[in-house]
Amino acid sequence: MTKTADPAEYIQPLYINGLNGRMLRAPATKNTSREILLVYGHHALLERWWGLVENLQEFGKVTMPDLPGFGGMDSFYKIGRVPTLDNYADYLAAFIKMRYRNRRVTLVGVSFGFLVITRMLQRYPELSGRVDMVVSIVGFMHRDDFLFPPRTRRLYSIATRFFSAAPIAFIIRYGALNKFVIKSLYVRLPMGKRRFIAMTADDFANMMDFEVLLWQCNDVRTHWRTTSEFLGIDNCREQIALPVWHVASKADHYFDNFIVEQHMRVVYADYHKSIMNSPAHTPSILGDKKELAVMIPPALRRALRANKSR
């Protein structure tokens, strides 16, 4: 499946805190003053989420910045820092202060991106007054949200921390992350089998090309270091005086939606839930506007229309 529009005209350079990356700025398609800040998740690239941006444009101007170490942006390691959740929270707060100043903003986080938003609001509660809505799209809060058994999760956390060591990450990047290896692995892993069900040969080839691009443009050390951290995360220690609108996947293969809800209710002042009809954690990475429309279910669309930005 191909995208119906070219996001390139909306992408511009981003330089912040000594790091170079990119930022997508898309205008609203309807008459609204809402400003939407979209924070993508793991395995990321601005172009991957263009279909979601096209859907969000109906409700406001959409800004989506790269995160350090993702989407081809410089990693925190370049400036002598480690890609911890706290450092991502500080980065996001700096971006909001730089980009929005005194304007109000709607925060939309996809998976790991929502984890960053939550930690940012916990570390910078003064910014809560400038936020009109917080939206989680398949976001999570706590290590117990994962469907993996605790022992398996701990083993994954240890292994991914090992993979984030500089020499190991270098070997992975230049010895394993090529098209042949990625294609060979994906068709054998359960995750790949779910994605490739009923996929045509052309779509499979396009998927492989895009997967190679994603793996190669994201910093390997950052990928594994952040994975290790969120496999052991507890983001439920400080409350946030804002409600959250959460979109859960009907067939999420990573998270227990019931437990995610309990943890969100601990932190956020109120909780609203919608279900998206997706066969996995998120729709296809090749999804266009029509396919990614499921990420904004009808109840959330109504909320975005009713909750006007001031």
# chains A, B, ... in the order shown; residues from 1 in each chain; ligands from 1
>>> select_by_dssp(residues="range 184-276 of chain A", states="alpha helix (DSSP H)", output="count of residues only")
49
>>> select_by_dssp(residues="range 84-243 of chain A", states="strand (DSSP E)", output="list in words")
Val105, Thr106, Leu107, Val108, Gly109, Val110, Val131, Asp132, Met133, Val134, Val135, Ser136, Ile137, Ile240, Ala241, Leu242 and Pro243 of chain A
>>> residues_around(residues="Arg301 in chain A", least_positions_apart="3", cutoff="12 Å", atoms="only C-alpha atoms", output="tab-separated table (two decimals) with N, CA and C atoms, in the first residue's frame")
chain	number	residue	atom	x	y	z
A	55	ASN	N	-4.52	12.22	9.15
A	55	ASN	CA	-5.77	12.13	9.91
A	55	ASN	C	-5.86	13.22	10.98
A	56	LEU	N	-4.75	13.49	11.65
A	56	LEU	CA	-4.74	14.50	12.71
A	56	LEU	C	-4.91	15.92	12.17
A	57	GLN	N	-4.54	16.15	10.90
A	57	GLN	CA	-4.67	17.48	10.32
A	57	GLN	C	-6.10	18.00	10.33
A	58	GLU	N	-7.04	17.09	10.38
A	58	GLU	CA	-8.44	17.52	10.45
A	58	GLU	C	-8.73	18.30	11.72
A	59	PHE	N	-7.91	18.08	12.76
A	59	PHE	CA	-8.18	18.66	14.07
A	59	PHE	C	-7.21	19.77	14.46
A	60	GLY	N	-6.16	19.99	13.67
A	60	GLY	CA	-5.24	21.06	14.00
A	60	GLY	C	-3.94	20.97	13.21
A	135	VAL	N	-3.27	12.55	24.58
A	135	VAL	CA	-3.78	11.38	23.86
A	135	VAL	C	-2.71	10.30	23.82
A	245	TRP	N	-6.83	10.50	27.08
A	245	TRP	CA	-7.64	9.78	26.11
A	245	TRP	C	-6.77	8.66	25.54
A	247	VAL	N	-6.11	5.20	23.31
A	247	VAL	CA	-6.53	4.33	22.21
A	247	VAL	C	-5.79	3.00	22.37
A	274	SER	N	-10.76	4.31	23.96
A	274	SER	CA	-11.29	3.91	22.67
A	274	SER	C	-10.52	2.68	22.20
A	293	ALA	N	-6.40	5.54	9.78
A	293	ALA	CA	-7.56	6.22	10.38
A	293	ALA	C	-8.06	5.48	11.61
A	294	VAL	N	-7.79	4.15	11.69
A	294	VAL	CA	-8.25	3.39	12.86
A	294	VAL	C	-7.58	3.86	14.14
A	295	MET	N	-6.44	4.56	14.02
A	295	MET	CA	-5.71	5.01	15.20
A	295	MET	C	-6.40	6.19	15.88
A	296	ILE	N	-7.39	6.77	15.21
A	296	ILE	CA	-8.20	7.82	15.82
A	296	ILE	C	-9.66	7.37	15.74
A	297	PRO	N	-10.09	6.52	16.67
A	297	PRO	CA	-11.45	5.98	16.64
A	297	PRO	C	-12.51	7.08	16.78
A	298	PRO	N	-13.76	6.78	16.46
A	298	PRO	CA	-14.83	7.79	16.49
A	298	PRO	C	-14.95	8.54	17.81
A	304	LEU	N	-11.83	15.31	20.16
A	304	LEU	CA	-10.96	16.32	19.56
A	304	LEU	C	-11.77	17.48	18.98
A	305	ARG	N	-12.95	17.17	18.45
A	305	ARG	CA	-13.81	18.24	17.93
A	305	ARG	C	-14.44	19.05	19.05
A	306	ALA	N	-14.82	18.37	20.13
A	306	ALA	CA	-15.53	19.05	21.23
A	306	ALA	C	-14.60	19.82	22.14
A	307	ASN	N	-13.40	19.28	22.37
A	307	ASN	CA	-12.45	19.91	23.28
A	307	ASN	C	-11.62	20.91	22.50
A	308	LYS	N	-12.16	22.10	22.32
A	308	LYS	CA	-11.50	23.11	21.49
A	308	LYS	C	-10.29	23.70	22.20
>>> atom_distance(atom1="CA of His42 in chain A", atom2="CA of Arg237 in chain A")
23.1 Å
>>> closest_residue(among="A:Pro283, A:Lys179, A:Ser128, A:Arg302", to="Pro243 in chain A", atoms="only C-alpha atoms")
A:Ser128
>>> residues_around(residues="range 23-40 of chain A", least_positions_apart="5", cutoff="8 Å", atoms="only C-alpha atoms", output="PyMOL selection string")
chain A and resi 7+10-14+46+49+53+56-66+104-114+117+308-310
>>> write_last_selection(atoms="N, CA and C atoms", output="short mmCIF file (atom, residue, chain, number, x, y, z; two decimals), in the first residue's frame")
data_model
loop_
_atom_site.label_atom_id
_atom_site.label_comp_id
_atom_site.auth_asym_id
_atom_site.auth_seq_id
_atom_site.Cartn_x
_atom_site.Cartn_y
_atom_site.Cartn_z
N PRO A 7 5.05 13.65 2.12
CA PRO A 7 5.28 14.47 3.32
C PRO A 7 6.51 15.36 3.21
N TYR A 10 6.65 19.11 3.90
CA TYR A 10 6.38 19.58 5.26
C TYR A 10 7.53 19.32 6.22
N ILE A 11 8.60 18.69 5.73
CA ILE A 11 9.73 18.34 6.59
C ILE A 11 10.82 19.39 6.49
N GLN A 12 11.33 19.80 7.64
CA GLN A 12 12.37 20.81 7.70
C GLN A 12 13.44 20.40 8.70
N PRO A 13 14.64 21.00 8.61
CA PRO A 13 15.70 20.65 9.57
C PRO A 13 15.34 21.06 10.99
N LEU A 14 15.88 20.33 11.94
CA LEU A 14 15.69 20.63 13.35
C LEU A 14 17.05 20.60 14.04
N LEU A 46 9.87 9.85 10.42
CA LEU A 46 8.77 10.79 10.19
C LEU A 46 7.82 10.27 9.11
N TRP A 49 4.84 7.75 9.84
CA TRP A 49 3.59 8.17 10.46
C TRP A 49 2.85 9.24 9.68
N VAL A 53 -0.53 11.54 10.55
CA VAL A 53 -0.52 13.01 10.48
C VAL A 53 -1.68 13.51 9.62
N LEU A 56 -4.75 13.49 11.65
CA LEU A 56 -4.74 14.50 12.71
C LEU A 56 -4.91 15.92 12.17
N GLN A 57 -4.54 16.15 10.90
CA GLN A 57 -4.67 17.48 10.32
C GLN A 57 -6.10 18.00 10.33
N GLU A 58 -7.04 17.09 10.38
CA GLU A 58 -8.44 17.52 10.45
C GLU A 58 -8.73 18.30 11.72
N PHE A 59 -7.91 18.08 12.76
CA PHE A 59 -8.18 18.66 14.07
C PHE A 59 -7.21 19.77 14.46
N GLY A 60 -6.16 19.99 13.67
CA GLY A 60 -5.24 21.06 14.00
C GLY A 60 -3.94 20.97 13.21
N LYS A 61 -3.07 21.95 13.45
CA LYS A 61 -1.73 21.92 12.87
C LYS A 61 -0.93 20.84 13.60
N VAL A 62 -0.20 20.05 12.84
CA VAL A 62 0.52 18.91 13.42
C VAL A 62 2.02 19.12 13.31
N THR A 63 2.69 19.00 14.44
CA THR A 63 4.15 19.05 14.48
C THR A 63 4.65 17.72 15.01
N MET A 64 5.62 17.14 14.31
CA MET A 64 6.21 15.87 14.74
C MET A 64 7.73 15.99 14.63
N PRO A 65 8.43 16.15 15.75
CA PRO A 65 9.89 16.23 15.72
C PRO A 65 10.52 14.84 15.84
N ASP A 66 11.71 14.71 15.31
CA ASP A 66 12.49 13.51 15.61
C ASP A 66 12.82 13.46 17.09
N ARG A 104 -1.16 26.96 23.75
CA ARG A 104 -1.60 25.67 24.25
C ARG A 104 -1.38 24.59 23.19
N VAL A 105 -1.27 23.35 23.64
CA VAL A 105 -0.91 22.27 22.73
C VAL A 105 -1.62 20.98 23.12
N THR A 106 -1.96 20.19 22.13
CA THR A 106 -2.50 18.85 22.33
C THR A 106 -1.35 17.86 22.14
N LEU A 107 -1.12 17.01 23.13
CA LEU A 107 -0.03 16.04 23.08
C LEU A 107 -0.56 14.67 22.67
N VAL A 108 0.02 14.12 21.60
CA VAL A 108 -0.37 12.79 21.12
C VAL A 108 0.89 11.92 21.09
N GLY A 109 0.88 10.84 21.85
CA GLY A 109 2.04 9.96 21.91
C GLY A 109 1.71 8.56 21.43
N VAL A 110 2.56 8.02 20.56
CA VAL A 110 2.40 6.65 20.06
C VAL A 110 3.33 5.72 20.83
N SER A 111 2.77 4.80 21.59
CA SER A 111 3.54 3.77 22.29
C SER A 111 4.63 4.39 23.16
N PHE A 112 5.91 4.18 22.83
CA PHE A 112 7.01 4.75 23.60
C PHE A 112 6.92 6.28 23.67
N GLY A 113 6.39 6.90 22.63
CA GLY A 113 6.22 8.35 22.64
C GLY A 113 5.33 8.83 23.76
N PHE A 114 4.30 8.03 24.09
CA PHE A 114 3.43 8.39 25.21
C PHE A 114 4.16 8.26 26.53
N ILE A 117 5.97 11.47 26.91
CA ILE A 117 5.05 12.55 27.27
C ILE A 117 4.70 12.50 28.76
N LYS A 308 -12.16 22.10 22.32
CA LYS A 308 -11.50 23.11 21.49
C LYS A 308 -10.29 23.70 22.20
N SER A 309 -9.21 23.84 21.43
CA SER A 309 -8.01 24.48 21.97
C SER A 309 -8.28 25.95 22.20
N ARG A 310 -7.77 26.46 23.32
CA ARG A 310 -8.01 27.88 23.65
C ARG A 310 -6.72 28.67 23.51
#
